[in-house]
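Please read the structure below before turning to the comments.
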Amino acid sequence: MRLILLGPPGVGKGTQAQFLLDKLNAIQLSTGDLLRAAVRQGTKLGKTAKSYMDRGELVPDDVILGLIREKMAELSNRAVIFDGFPRTVPQAVGLDSLLKEFNLKVDRVIELTIDDEVVVNRLGARRSCPTCGRVYNLISAPPKKAGICDEEGTALILRDDDKEAVIRNRLKVYHELTAPLSEYYRKTGNLVQVAGDGKVEEIRARVEKALEE
Ligand code: AP5
């Protein structure tokens, strides 16, 4: 199973991917997480990516496709949840052709939809653990002790790109460059749209139903 979770920043792709990992016995491939790890490690990729990420712009397609190609051998014999990839039509075309080399294809695309203003509120309240990566929300999913990760005891951080001006640019970029993927995947017959507004568990149930369709 190769599942793509499509949708704007902050719609809950990462949150829902976590629920699906066991259900599908899958691995999650988040290009955002891979890029943030490269930034933390100070690699050449990380240095290139940081300037784009801090502005809420997309990292160039050739860089992203190179990253996916490197991962392809380990992805080819596992169920994969793509989270935040592809993000442009050229990335989708590139993924199709990479998968074809391994006699694979995209099986299902779940597009989570939401209003921009809900995203701005959600992301302003997101905090994450720099050690284990667990994601919290000050409003909908707060840690037990304010500002501290339940698992690691580490101080939680606000992502550099979760500042309002950057969030708004990420949304603008999403509407210009990523939203056309909805049409791309509608044509393949693989797309199911799921409303991303509501409680996390409600959305989980909608996503699970969409997978059965
Ligand atoms: P990336 O890390 O992929 O960010 P994103 O797509 O903008 O997605 P987010 O991680 O912000 O949100 P999400 O949908 O996963 O929501 P989450 O579950 O965390 O990309 C970051 C940057 O990297 C990009 O801007 C770009 O520069 C670069 N990049 C990455 N991939 C790229 C690519 N393929 N090509 C080019 N550039 C790329 O939830 C958000 C918050 O809401 C959390 O606090 C969560 O707890 C909370 N929440 C979740 N669900 C609910 C709910 N139902 N109700 C209330 N709160 C909720």
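Residue names in the structure tokens use chain letters A, B, ... in the order shown, residue numbers from 1 in each chain, and ligand numbers from 1 in the order shown.
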
Dump the neighbourhood of ligand 1 as a VMD selection string: all residues within 7 Å, distances computed on only C-alpha atoms and all ligand atoms. chain A and resid 7 to 16 30 to 33 35 52 to 53 56 to 61 64 83 to 87 122 to 123 125 to 127 135 to 137 140 to 141 170 196 to 200 203

I'd like the neighbourhood of Glu111 (chain A) as an NGL selection string, where a residue qualifies if any of its atoms comes within 8 Å (using only C-alpha atoms), though same-chain residues fewer than 6 positions away should be ignored. :A and (5-7 or 182 or 191-194)

Residues within 7 Å of Ala26 (chain A), only C-alpha atoms, excluding chain neighbours under 3 positions, as number ranges by chain: A: 21-22, 78-81

9 Å contact set for Lys50 (chain A), only C-alpha atoms, chain neighbours under 5 positions out, as a PDB file with C-alpha atoms, in the first residue's frame:
ATOM      1  CA  LEU A  35      14.443  18.117   5.951  1.00  0.00           C
ATOM      2  CA  ARG A  36      14.261  19.235   9.616  1.00  0.00           C
ATOM      3  CA  ALA A  38      19.043  17.528   7.850  1.00  0.00           C
ATOM      4  CA  VAL A  39      18.835  21.104   9.175  1.00  0.00           C
ATOM      5  CA  LEU A  45      20.925  19.466   2.202  1.00  0.00           C
ATOM      6  CA  ARG A  55      10.345  31.611   4.444  1.00  0.00           C
ATOM      7  CA  VAL A  59      12.420  23.284  -1.380  1.00  0.00           C
TER       8      VAL A  59
END

Smallest atom-to-atom distance to Asp107 (chain A): which of A:Gly147, A:Thr188, A:Gly124, A:Glu201, using only C-alpha atoms? A:Thr188

Proximity to Leu171 (chain A) - best of A:Gly189, A:Ile4, A:Val118, A:Lys209, only C-alpha atoms: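 Checking each of A:Gly189, A:Ile4, A:Val118, A:Lys209 against Leu171 (chain A), counting only C-alpha atoms, the winner is A:Val118.
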
Using only C-alpha atoms, determine which residues lie at most 9 Å from Pro130 (chain A), disregarding the query and same-chain residues fewer than 4 positions distant; provide the list as a PyMOL selection string. chain A and resi 134+154-157

Given the choices A:Arg159, A:Arg108, A:Lys187, A:Lys145, which gets closest to Glu212 (chain A) if the distance is worked out from only C-alpha atoms? A:Arg108

Pick from A:Cys129, A:Leu95, A:Leu181, A:Leu34 nearest to Arg2 (chain A), counting only C-alpha atoms: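 Closest to Arg2 (chain A) of all the choices is A:Leu95.
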
Just the helix (DSSP H, G or I) stuff from region 31-199 of chain A, please, per backbone DSSP, written as a PyMOL selection string. chain A and resi 31-41+44-55+61-75+89-101+116-124+164-178+180-188

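Neighbours of Val89 (chain A) closer than or equal to 9 Å, with only C-alpha atoms counted and sequence neighbours fewer than 6 positions away skipped, come out as Leu177, Thr178, Pro180, Leu181 and Tyr184 of chain A.
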
Can I get the selected residues back with C-alpha atoms, as a tab-separated table (two decimals), in the first residue's frame?
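Once everything was written out, this is again.tsv:
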chain	number	residue	atom	x	y	z
A	177	LEU	CA	1.53	24.83	-6.10
A	178	THR	CA	0.06	21.93	-4.11
A	180	PRO	CA	-3.48	21.35	-8.24
A	181	LEU	CA	-2.51	17.85	-7.08
A	184	TYR	CA	-3.97	15.30	-10.74

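In terms of minimum interatomic distance to Val119 (chain A), A:Ile167 ranks closest within A:Val207, A:Met1, A:Ile167, A:Ala92, counting only C-alpha atoms.
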
Point out the residue among A:Ser51, A:Leu104, A:Lys44, A:Ala17 with the least atom-to-atom distance to Asp160 (chain A), counting only C-alpha atoms.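 Counting only C-alpha atoms, the residue closest to Asp160 (chain A) is A:Ser51.
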